[in-house]
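The next block holds one structure in the form of structure tokens; read it before the comments.
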Protein chains: 2
Amino acid sequence: MALTVLKGTIVSAPALGRLEVVKGGYLVAEDGVVRGVFSALPERYAGAAVEDFGDALVLQSLADLHLHAPQYPMMAVGMDLPLLDWLNTYAFPTEARYADLDYAREVYRRLARDLVENGTTRVCMFSSLHRQATRILMEELERAGVTGYVGKVNMDRNGAPDLQETTEESMAETLRWLEECRDFRLVKPMVTPRFTPSCTDELMDFLGKLAAERGLPVQSHLSENRAEIAWVAELHPDCGQYWETYAKYGLWNARTLMAHCVWSDERERRAMKDAGVTAVHCADSNQVLCSGVAPVRAMLDEGMKVALGTDVAGGSSLSMFDAAAAAIGASKSRRILDGGETGLLNAAEAWYLATSAGAAFFGAAPGFAPGGALHALVLDDSRLLQPHPLTPEERLERCLYVRQPGAVRAVWSAGRKVFSAELST
Amino acid sequence: MALTVLKGTIVSAPALGRLEVVKGGYLVAEDGVVRGVFSALPERYAGAAVEDFGDALVLQSLADLHLHAPQYPMMAVGMDLPLLDWLNTYAFPTEARYADLDYAREVYRRLARDLVENGTTRVCMFSSLHRQATRILMEELERAGVTGYVGKVNMDRNGAPDLQETTEESMAETLRWLEECRDFRLVKPMVTPRFTPSCTDELMDFLGKLAAERGLPVQSHLSENRAEIAWVAELHPDCGQYWETYAKYGLWNARTLMAHCVWSDERERRAMKDAGVTAVHCADSNQVLCSGVAPVRAMLDEGMKVALGTDVAGGSSLSMFDAAAAAIGASKSRRILDGGETGLLNAAEAWYLATSAGAAFFGAAPGFAPGGALHALVLDDSRLLQPHPLTPEERLERCLYVRQPGAVRAVWSAGRKVFSAELST
């Protein structure tokens, strides 16, 4: 049996807004499965090799539940355009390049490495419509040790000329891709209609049935901006609200992720809550693209499932630390927008959303719950100045905002050490 | 005569929204004074040693026109509180520590080094009320090669018990501090009433006369949030608007900086424009503290002088790249707040504000204008992926958003090389 014992200031997020801290604690995993956090090493582990990180923070690693892998190379370019213009000018032409498999290999290898170095070990990710490039993305994630779901994107209408499938192609390629996915261990397929305007009713129907038959999770976009909502209403006069265009085809259940939900009103939010759909809040992207400010406080107060995403490359950073800070910032923008009354998201809440809430989509219990696969990172903030001795909670808050090159010292994913600063170049 | 010749992709901001690019260009300085940017090295410099940075960006270095030096150690801690609570809980107790000169030395040495490594070579900075610590701050800035103005803070009312002067002390210490400042070459004194609620009328009157007699510039805070504005109105029933509490005492002219101006309405903005006062936009801090969203687009359209500040530690980052990105973000929040109509700040404009507009406060012409002291940095973005060959403008835009450890390769300030990545530890 392989024992992993990490010693440090162990901080986990067992519930929204609550941090559990054990200073000088031991996080123990057996064969990659967490056994517990202990203030003293239990007798039964006596003699185990301890990786002692001193006073460094030992944290859960992060879960990025929405990003577009092919857009990574264009991150933070062309940020002055509204969503639909930006898609046509930058995103679609870049995505079209992934017919070139060498390019796909180069980008996806780099993306996978950068994710791990940023402490992100769980993802739900859009690929492009290219079957082969999608397989390459999954290979590179698996090789780097990133776990989660990847979707070959389906889009058979309203795309760019070189970035659209026929309905038949989309179906056939999806089936073929699913066949090719069988051998992956850490990275699994996810049904991914790009968004309602990109998919004909026939394709949506096919995807809904496919998800049901094979028990596949689903990801898409919902109510990101007002132009998009108006467009969906035109395309689907039969649906009262945007969400119904997914529900109608069986793409709306407890294994569904919907990115953004910026303009989801009470009725749409209620439909999400009732179905157990998870809203993926992408605060940075929502600001970059002037989409609006998602009512994340209201979502949480209403008991909805909410996780966070970077939305690369609508978002401008691959770091989930940045995504957590952006979520706090968005809650403040929301307060300003609402005239000063709305409650904020605090650092402990944002951290929970970036870690435990994302992990929950994969069935993981929150925090370092015994029985779960070890997903952890070590963060060394010792280079920062201290105004006075900071509490671990204050240190974690600061780490959400302050980028510290080289501060992530080591990362474990699905029980395995996948990054060590000492070993990296 | 000492020649400096930098070769690279030279990008400068000669006017708001305009970037001047010379690929494979030469930036030449004689004895630290810029002589020009050339596409080929002029005959008269033949044989000069050329520092060739290949394709790297050679940019103006940055000007941070508002930050609180003593708050640097508490940056990004306690970000959930509104301004006045945050001041009392975090900022004032931290500032009180600067009676300890060893602590001041340690913090200010680190701050000065971090500024330079982030490419900031011009500052206007608040110290604390401590005369000796303020002198230490100036020493450390000068030693590191940072130029600009520093203010010993004046506050003789409404402070914390251990962070307030009597009126007499404040005046006497200010005069003594000015005597002690005579020997600095790069860092000069600036009159710094903390903000109206912190200074009695008697002190304000003294400071206004002092500024006039000695030709000193002035910095303070204006219309940051609504509670503050209401408080000022109570304290000064004789003044119609907040700005008049400064104007009344001669603290309102073309050498005045006013931080924030979030809630400055048309009348207050007109008063700034008429007097030539510079508004220092601190977008990150305004969001962190839920102060509001400054109408920066309107300010620029109205022809006001606007520069940027990090406002450490209301702001959560010392980097002026972050401050520029935050200004763009704030203009987008402003658009959302205004229902989608307000114009955005684009990357070229934000870069101008972070460089040329800030330098203008020190009398420098925009861009790499001949005759000005060399303030420059070299930014190597070659580690980033490219979706297609990016233009220098696109590369600069990306550098505003993406933090790249080690990307700042070298920095010049006031003609002198003050940082080189090769030489740093």
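Numbering starts fresh at 1 for the residues of each chain in the structure tokens, the chains themselves are lettered A, B, ... in the order given, and ligands are numbered from 1 as they appear.
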
Please return the superposed copy of chain A as a short mmCIF file (atom, residue, chain, number, x, y, z; two decimals) with C-alpha atoms, in the first residue's frame; the fit should be least squares onto chain B across all sequentially paired Cα atoms.
```
data_model
loop_
_atom_site.label_atom_id
_atom_site.label_comp_id
_atom_site.auth_asym_id
_atom_site.auth_seq_id
_atom_site.Cartn_x
_atom_site.Cartn_y
_atom_site.Cartn_z
CA MET A 1 29.02 60.82 -23.02
CA ALA A 2 27.21 57.57 -22.06
CA LEU A 3 25.15 56.05 -24.84
CA THR A 4 22.26 53.66 -24.27
CA VAL A 5 20.94 51.86 -27.33
CA LEU A 6 18.08 49.39 -26.91
CA LYS A 7 16.98 47.26 -29.83
CA GLY A 8 13.63 45.50 -29.98
CA THR A 9 9.97 45.96 -30.87
CA ILE A 10 9.57 49.49 -29.60
CA VAL A 11 6.04 50.50 -28.63
CA SER A 12 5.21 53.88 -27.17
CA ALA A 13 2.06 55.86 -26.40
CA PRO A 14 2.42 59.37 -27.86
CA ALA A 15 -1.28 60.17 -27.47
CA LEU A 16 -4.41 58.75 -25.86
CA GLY A 17 -5.42 55.66 -27.81
CA ARG A 18 -2.48 55.80 -30.23
CA LEU A 19 0.46 53.41 -30.15
CA GLU A 20 3.60 54.03 -32.13
CA VAL A 21 5.41 50.86 -33.14
CA VAL A 22 8.89 50.40 -34.58
CA LYS A 23 9.78 46.75 -35.14
CA GLY A 24 13.47 46.02 -34.91
CA GLY A 25 13.85 49.62 -33.81
CA TYR A 26 16.51 51.43 -31.80
CA LEU A 27 15.73 53.51 -28.74
CA VAL A 28 18.68 55.79 -28.11
CA ALA A 29 19.56 57.82 -25.02
CA GLU A 30 22.58 60.03 -24.43
CA ASP A 31 23.55 60.45 -20.81
CA GLY A 32 20.15 59.03 -19.89
CA VAL A 33 18.21 61.48 -22.07
CA VAL A 34 16.12 60.06 -24.90
CA ARG A 35 17.31 61.12 -28.36
CA GLY A 36 14.76 59.22 -30.37
CA VAL A 37 13.38 55.97 -31.73
CA PHE A 38 14.86 54.96 -35.06
CA SER A 39 14.12 52.18 -37.52
CA ALA A 40 17.84 52.09 -38.41
CA LEU A 41 20.66 53.20 -36.15
CA PRO A 42 21.74 56.71 -37.22
CA GLU A 43 25.26 57.11 -38.54
CA ARG A 44 26.31 59.19 -35.55
CA TYR A 45 25.75 56.24 -33.22
CA ALA A 46 27.72 53.78 -35.36
CA GLY A 47 29.85 51.56 -33.16
CA ALA A 48 27.71 52.08 -30.08
CA ALA A 49 27.09 49.04 -27.89
CA VAL A 50 23.58 47.84 -28.70
CA GLU A 51 21.54 45.92 -26.14
CA ASP A 52 19.62 43.69 -28.48
CA PHE A 53 16.41 42.26 -27.05
CA GLY A 54 15.40 40.56 -30.28
CA ASP A 55 11.67 40.63 -30.78
CA ALA A 56 10.90 41.56 -27.14
CA LEU A 57 8.73 44.60 -26.46
CA VAL A 58 10.57 47.77 -25.44
CA LEU A 59 7.99 49.87 -23.62
CA GLN A 60 7.75 52.99 -21.53
CA SER A 61 7.96 52.13 -17.86
CA LEU A 62 4.94 52.77 -15.68
CA ALA A 63 3.75 55.56 -13.42
CA ASP A 64 1.72 54.72 -10.30
CA LEU A 65 0.16 57.97 -9.15
CA HIS A 66 -1.57 56.72 -6.03
CA LEU A 67 -0.52 54.18 -3.44
CA HIS A 68 -0.05 53.97 0.30
CA ALA A 69 3.43 52.67 1.02
CA PRO A 70 2.84 51.60 4.65
CA GLN A 71 -0.13 49.47 3.62
CA TYR A 72 1.96 47.26 1.35
CA PRO A 73 2.36 44.41 3.86
CA MET A 74 -1.42 44.12 4.30
CA MET A 75 -2.19 44.09 0.61
CA ALA A 76 -5.07 41.72 -0.23
CA VAL A 77 -6.07 41.02 3.35
CA GLY A 78 -9.46 42.00 4.76
CA MET A 79 -11.00 42.79 1.41
CA ASP A 80 -14.59 42.23 2.51
CA LEU A 81 -15.06 45.49 4.39
CA PRO A 82 -16.32 48.89 3.20
CA LEU A 83 -13.79 51.74 3.17
CA LEU A 84 -14.21 53.32 6.58
CA ASP A 85 -14.41 49.98 8.43
CA TRP A 86 -11.45 48.69 6.48
CA LEU A 87 -9.41 51.77 7.40
CA ASN A 88 -10.14 51.30 11.09
CA THR A 89 -9.69 47.53 11.18
CA TYR A 90 -6.67 47.11 8.95
CA ALA A 91 -5.14 50.23 7.47
CA PHE A 92 -4.74 52.45 10.52
CA PRO A 93 -3.31 49.75 12.85
CA THR A 94 -0.83 48.74 10.15
CA GLU A 95 0.19 52.33 9.52
CA ALA A 96 0.73 52.85 13.23
CA ARG A 97 3.59 50.34 13.10
CA TYR A 98 5.84 52.75 11.22
CA ALA A 99 6.93 54.39 14.43
CA ASP A 100 9.24 51.35 14.36
CA LEU A 101 12.01 52.40 11.97
CA ASP A 102 13.43 48.93 11.49
CA TYR A 103 10.06 47.75 10.33
CA ALA A 104 9.83 50.76 8.01
CA ARG A 105 13.25 49.99 6.55
CA GLU A 106 12.38 46.35 5.91
CA VAL A 107 9.04 47.06 4.26
CA TYR A 108 10.13 50.05 2.21
CA ARG A 109 13.24 48.33 0.87
CA ARG A 110 11.08 45.47 -0.31
CA LEU A 111 8.43 47.80 -1.74
CA ALA A 112 11.00 49.79 -3.71
CA ARG A 113 12.51 46.63 -5.16
CA ASP A 114 9.11 45.19 -6.05
CA LEU A 115 8.10 48.43 -7.78
CA VAL A 116 11.15 48.35 -9.99
CA GLU A 117 10.73 44.66 -10.80
CA ASN A 118 7.16 45.43 -11.85
CA GLY A 119 8.40 48.16 -14.17
CA THR A 120 7.08 51.10 -12.13
CA THR A 121 9.64 53.93 -12.12
CA ARG A 122 7.48 56.93 -11.31
CA VAL A 123 5.27 57.22 -8.25
CA CYS A 124 3.20 59.61 -6.18
CA MET A 125 2.91 57.94 -2.85
CA PHE A 126 1.42 58.41 0.58
CA SER A 127 3.66 57.54 3.48
CA SER A 128 2.25 57.54 7.03
CA LEU A 129 2.31 60.49 9.40
CA HIS A 130 5.76 59.43 10.68
CA ARG A 131 8.48 61.87 9.65
CA GLN A 132 11.37 59.48 10.10
CA ALA A 133 9.72 56.53 8.39
CA THR A 134 8.83 58.83 5.51
CA ARG A 135 12.48 59.76 5.15
CA ILE A 136 13.36 56.05 5.13
CA LEU A 137 10.79 55.47 2.39
CA MET A 138 12.36 58.21 0.29
CA GLU A 139 15.84 56.79 0.88
CA GLU A 140 14.78 53.33 -0.22
CA LEU A 141 12.97 54.57 -3.32
CA GLU A 142 15.97 56.64 -4.32
CA ARG A 143 18.33 53.76 -3.69
CA ALA A 144 16.26 51.45 -5.89
CA GLY A 145 15.97 54.10 -8.60
CA VAL A 146 12.25 54.90 -8.27
CA THR A 147 11.50 58.57 -8.99
CA GLY A 148 8.62 60.81 -7.98
CA TYR A 149 6.89 62.36 -5.00
CA VAL A 150 6.29 61.12 -1.49
CA GLY A 151 4.09 62.70 1.13
CA LYS A 152 4.34 62.57 4.87
CA VAL A 153 0.66 62.23 5.68
CA ASN A 154 -1.05 64.96 7.70
CA MET A 155 -3.95 63.98 9.94
CA ASP A 156 -4.95 65.86 13.06
CA ARG A 157 -8.53 64.71 13.52
CA ASN A 158 -10.74 61.62 13.19
CA GLY A 159 -7.78 59.24 13.25
CA ALA A 160 -7.07 56.21 15.42
CA PRO A 161 -5.68 56.96 18.92
CA ASP A 162 -2.17 55.91 17.95
CA LEU A 163 -2.36 57.38 14.49
CA GLN A 164 -3.07 61.06 14.82
CA GLU A 165 -1.07 64.22 15.36
CA THR A 166 -1.97 67.41 17.11
CA THR A 167 -2.25 70.31 14.72
CA GLU A 168 1.00 71.76 16.06
CA GLU A 169 2.86 68.48 15.75
CA SER A 170 1.60 68.00 12.23
CA MET A 171 2.84 71.42 11.17
CA ALA A 172 6.17 71.17 12.97
CA GLU A 173 6.91 67.67 11.74
CA THR A 174 6.03 68.62 8.19
CA LEU A 175 8.43 71.56 8.26
CA ARG A 176 11.16 69.45 9.78
CA TRP A 177 10.57 66.73 7.20
CA LEU A 178 10.85 69.26 4.37
CA GLU A 179 14.20 70.35 5.75
CA GLU A 180 15.35 66.76 5.77
CA CYS A 181 14.24 66.24 2.15
CA ARG A 182 16.62 68.70 0.58
CA ASP A 183 19.28 66.16 -0.32
CA PHE A 184 17.13 63.81 -2.39
CA ARG A 185 17.68 63.77 -6.12
CA LEU A 186 14.98 61.50 -7.53
CA VAL A 187 12.32 61.60 -4.83
CA LYS A 188 10.75 64.87 -3.79
CA PRO A 189 8.23 65.89 -1.14
CA MET A 190 4.53 66.40 -1.78
CA VAL A 191 1.95 68.05 0.46
CA THR A 192 -0.41 65.30 1.63
CA PRO A 193 -3.48 66.01 3.70
CA ARG A 194 -4.88 62.49 4.08
CA PHE A 195 -8.37 63.62 3.15
CA THR A 196 -10.66 66.37 4.34
CA PRO A 197 -12.11 64.48 7.33
CA SER A 198 -8.56 63.89 8.64
CA CYS A 199 -7.48 67.54 8.72
CA THR A 200 -8.72 70.54 10.69
CA ASP A 201 -9.30 73.79 8.86
CA GLU A 202 -6.23 75.21 10.55
CA LEU A 203 -4.05 72.41 9.22
CA MET A 204 -5.55 72.63 5.74
CA ASP A 205 -4.88 76.36 5.71
CA PHE A 206 -1.29 75.80 6.77
CA LEU A 207 -0.76 73.12 4.10
CA GLY A 208 -2.23 75.25 1.34
CA LYS A 209 0.03 78.15 2.19
CA LEU A 210 3.03 75.85 2.49
CA ALA A 211 2.37 74.38 -0.96
CA ALA A 212 2.07 77.85 -2.46
CA GLU A 213 5.15 79.28 -0.76
CA ARG A 214 7.42 76.41 -1.61
CA GLY A 215 5.94 75.43 -4.95
CA LEU A 216 5.06 71.93 -3.77
CA PRO A 217 2.65 69.56 -5.46
CA VAL A 218 -0.39 68.27 -3.55
CA GLN A 219 -2.09 64.89 -3.31
CA SER A 220 -5.23 63.77 -1.54
CA HIS A 221 -8.46 61.79 -1.91
CA LEU A 222 -11.72 62.97 -3.48
CA SER A 223 -15.24 61.57 -3.71
CA GLU A 224 -14.24 57.95 -3.26
CA ASN A 225 -17.52 56.75 -1.78
CA ARG A 226 -20.87 58.13 -0.75
CA ALA A 227 -20.49 57.79 3.01
CA GLU A 228 -17.30 59.82 2.80
CA ILE A 229 -18.95 62.52 0.70
CA ALA A 230 -21.80 62.81 3.18
CA TRP A 231 -19.30 63.09 6.01
CA VAL A 232 -17.38 65.86 4.25
CA ALA A 233 -20.64 67.72 3.63
CA GLU A 234 -21.37 67.58 7.36
CA LEU A 235 -17.89 68.80 8.25
CA HIS A 236 -18.01 71.62 5.69
CA PRO A 237 -21.52 73.01 5.40
CA ASP A 238 -19.87 76.06 3.85
CA CYS A 239 -18.73 74.05 0.80
CA GLY A 240 -21.14 73.07 -1.93
CA GLN A 241 -19.06 70.11 -3.03
CA TYR A 242 -16.21 68.01 -1.70
CA TRP A 243 -13.62 69.55 -4.02
CA GLU A 244 -14.31 72.98 -2.59
CA THR A 245 -12.88 71.88 0.76
CA TYR A 246 -9.51 71.63 -0.99
CA ALA A 247 -9.94 74.66 -3.26
CA LYS A 248 -10.81 76.83 -0.28
CA TYR A 249 -7.34 76.32 1.16
CA GLY A 250 -5.30 76.62 -2.01
CA LEU A 251 -4.90 72.87 -2.47
CA TRP A 252 -6.48 72.81 -5.91
CA ASN A 253 -4.33 73.56 -8.93
CA ALA A 254 -2.45 72.09 -11.86
CA ARG A 255 0.00 70.36 -9.51
CA THR A 256 -2.75 68.62 -7.54
CA LEU A 257 -3.57 64.92 -7.68
CA MET A 258 -6.93 63.68 -6.47
CA ALA A 259 -7.30 59.95 -6.05
CA HIS A 260 -10.52 58.14 -7.02
CA CYS A 261 -13.15 60.75 -8.04
CA VAL A 262 -15.59 57.85 -8.30
CA TRP A 263 -18.62 60.00 -7.56
CA SER A 264 -17.41 63.29 -9.04
CA ASP A 265 -20.34 64.67 -10.99
CA GLU A 266 -20.16 67.00 -13.98
CA ARG A 267 -19.72 70.09 -11.83
CA GLU A 268 -16.89 68.58 -9.80
CA ARG A 269 -15.25 67.24 -12.97
CA ARG A 270 -15.54 70.67 -14.55
CA ALA A 271 -13.79 72.17 -11.51
CA MET A 272 -10.98 69.66 -11.94
CA LYS A 273 -10.63 70.39 -15.61
CA ASP A 274 -10.67 74.16 -15.10
CA ALA A 275 -7.98 73.99 -12.42
CA GLY A 276 -5.90 71.36 -14.24
CA VAL A 277 -6.23 68.91 -11.36
CA THR A 278 -5.35 65.30 -12.26
CA ALA A 279 -7.80 62.54 -11.31
CA VAL A 280 -6.04 59.33 -10.34
CA HIS A 281 -8.25 56.42 -11.30
CA CYS A 282 -7.77 53.39 -9.04
CA ALA A 283 -10.10 50.85 -10.59
CA ASP A 284 -9.11 47.79 -8.61
CA SER A 285 -9.44 49.51 -5.26
CA ASN A 286 -12.79 51.00 -6.21
CA GLN A 287 -14.13 47.51 -6.81
CA VAL A 288 -12.41 45.89 -3.81
CA LEU A 289 -13.85 48.47 -1.43
CA CYS A 290 -17.22 48.60 -3.22
CA SER A 291 -16.68 52.32 -3.64
CA GLY A 292 -18.32 52.44 -7.05
CA VAL A 293 -17.19 52.68 -10.67
CA ALA A 294 -15.48 55.91 -11.69
CA PRO A 295 -16.76 57.47 -14.94
CA VAL A 296 -13.33 57.33 -16.54
CA ARG A 297 -14.63 57.41 -20.11
CA ALA A 298 -16.57 60.59 -19.38
CA MET A 299 -13.53 62.16 -17.71
CA LEU A 300 -11.41 61.53 -20.79
CA ASP A 301 -14.11 62.65 -23.19
CA GLU A 302 -14.44 65.89 -21.23
CA GLY A 303 -10.71 66.51 -21.58
CA MET A 304 -9.79 66.02 -17.94
CA LYS A 305 -6.33 64.95 -16.90
CA VAL A 306 -6.51 61.31 -15.79
CA ALA A 307 -3.76 58.97 -14.62
CA LEU A 308 -3.83 55.56 -12.93
CA GLY A 309 -2.92 54.29 -9.48
CA THR A 310 -2.77 50.89 -7.84
CA ASP A 311 -3.97 52.35 -4.53
CA VAL A 312 -2.13 49.65 -2.61
CA ALA A 313 -3.52 48.46 -0.27
CA GLY A 314 -7.12 49.32 -1.09
CA GLY A 315 -5.99 47.82 -4.37
CA SER A 316 -4.84 44.23 -4.33
CA SER A 317 -1.88 44.39 -6.69
CA LEU A 318 1.30 46.46 -6.95
CA SER A 319 1.47 45.91 -10.71
CA MET A 320 0.52 48.77 -13.01
CA PHE A 321 -0.17 46.18 -15.70
CA ASP A 322 -2.93 44.98 -13.40
CA ALA A 323 -4.02 48.59 -12.83
CA ALA A 324 -4.32 49.15 -16.57
CA ALA A 325 -6.33 45.93 -17.01
CA ALA A 326 -8.51 46.93 -14.06
CA ALA A 327 -9.19 50.32 -15.67
CA ILE A 328 -10.41 48.56 -18.80
CA GLY A 329 -12.50 46.26 -16.60
CA ALA A 330 -13.97 49.23 -14.75
CA SER A 331 -14.94 50.88 -18.01
CA LYS A 332 -16.79 47.68 -18.86
CA SER A 333 -18.49 47.59 -15.46
CA ARG A 334 -19.46 51.20 -16.10
CA ARG A 335 -20.99 50.19 -19.42
CA ILE A 336 -22.95 47.40 -17.74
CA LEU A 337 -24.02 49.82 -15.00
CA ASP A 338 -25.14 52.38 -17.58
CA GLY A 339 -27.18 49.83 -19.52
CA GLY A 340 -24.76 49.12 -22.35
CA GLU A 341 -24.25 52.55 -23.88
CA THR A 342 -21.05 53.96 -22.37
CA GLY A 343 -17.86 53.69 -24.41
CA LEU A 344 -15.06 51.44 -23.23
CA LEU A 345 -11.45 52.15 -22.49
CA ASN A 346 -9.39 50.12 -24.92
CA ALA A 347 -5.95 48.62 -24.34
CA ALA A 348 -4.06 51.42 -26.08
CA GLU A 349 -5.88 54.02 -23.99
CA ALA A 350 -5.28 52.18 -20.74
CA TRP A 351 -1.62 51.83 -21.60
CA TYR A 352 -1.36 55.57 -22.31
CA LEU A 353 -2.93 56.34 -18.93
CA ALA A 354 -0.54 53.97 -17.14
CA THR A 355 2.53 55.47 -18.79
CA SER A 356 2.42 58.84 -20.62
CA ALA A 357 -0.48 60.32 -18.66
CA GLY A 358 1.23 59.55 -15.37
CA ALA A 359 4.57 60.82 -16.63
CA ALA A 360 2.89 64.09 -17.65
CA PHE A 361 2.39 64.96 -13.99
CA PHE A 362 6.17 65.12 -13.74
CA GLY A 363 6.38 67.34 -16.80
CA ALA A 364 7.44 64.59 -19.21
CA ALA A 365 6.29 64.65 -22.82
CA PRO A 366 4.34 61.53 -23.93
CA GLY A 367 5.91 58.44 -25.47
CA PHE A 368 9.67 58.29 -25.96
CA ALA A 369 9.83 62.00 -26.78
CA PRO A 370 13.37 63.27 -27.37
CA GLY A 371 14.69 65.32 -24.48
CA GLY A 372 13.02 63.29 -21.74
CA ALA A 373 14.77 61.09 -19.21
CA LEU A 374 14.82 57.44 -20.24
CA HIS A 375 12.06 55.51 -18.43
CA ALA A 376 11.70 52.17 -20.16
CA LEU A 377 11.27 48.46 -19.69
CA VAL A 378 11.82 45.35 -21.76
CA LEU A 379 9.05 42.77 -21.72
CA ASP A 380 9.70 39.31 -23.10
CA ASP A 381 6.41 37.61 -23.95
CA SER A 382 7.98 34.82 -26.00
CA ARG A 383 6.83 32.09 -23.61
CA LEU A 384 3.19 32.71 -24.50
CA LEU A 385 1.49 30.70 -27.20
CA GLN A 386 0.45 32.50 -30.38
CA PRO A 387 -2.82 31.70 -32.16
CA HIS A 388 -1.32 33.39 -35.24
CA PRO A 389 1.49 35.93 -35.53
CA LEU A 390 0.30 38.72 -33.25
CA THR A 391 0.82 42.40 -33.95
CA PRO A 392 2.84 44.35 -31.37
CA GLU A 393 -0.42 46.05 -30.36
CA GLU A 394 -2.06 42.66 -29.71
CA ARG A 395 1.01 41.52 -27.79
CA LEU A 396 0.89 44.60 -25.59
CA GLU A 397 -2.83 44.08 -24.96
CA ARG A 398 -2.16 40.53 -23.86
CA CYS A 399 0.61 41.65 -21.52
CA LEU A 400 -1.89 43.85 -19.67
CA TYR A 401 -3.85 40.76 -18.67
CA VAL A 402 -1.47 37.83 -18.50
CA ARG A 403 1.02 37.78 -15.66
CA GLN A 404 4.23 36.23 -16.89
CA PRO A 405 6.77 35.56 -14.17
CA GLY A 406 10.15 36.87 -15.22
CA ALA A 407 8.82 38.60 -18.32
CA VAL A 408 10.16 42.03 -17.31
CA ARG A 409 13.78 41.62 -18.38
CA ALA A 410 15.18 45.07 -17.70
CA VAL A 411 14.08 48.48 -16.45
CA TRP A 412 15.53 51.97 -16.86
CA SER A 413 14.54 54.88 -14.65
CA ALA A 414 15.65 58.49 -15.02
CA GLY A 415 18.23 57.35 -17.54
CA ARG A 416 19.75 54.60 -15.44
CA LYS A 417 19.35 50.83 -15.69
CA VAL A 418 17.79 49.89 -12.37
CA PHE A 419 16.81 46.29 -12.98
CA SER A 420 18.10 43.44 -15.05
CA ALA A 421 16.57 39.97 -14.80
CA GLU A 422 19.96 38.41 -15.37
CA LEU A 423 21.37 40.16 -12.32
CA SER A 424 18.43 39.68 -9.99
CA THR A 425 18.15 36.86 -7.52
#
```

Would you please give, as a PyMOL selection string, all residues of segment 69-266 of chain B that DSSP assigns to strand (DSSP E or B) based on the backbone? chain B and resi 120-126+147-151+153-154+160+163+187-189+191-193+218-222+256-260
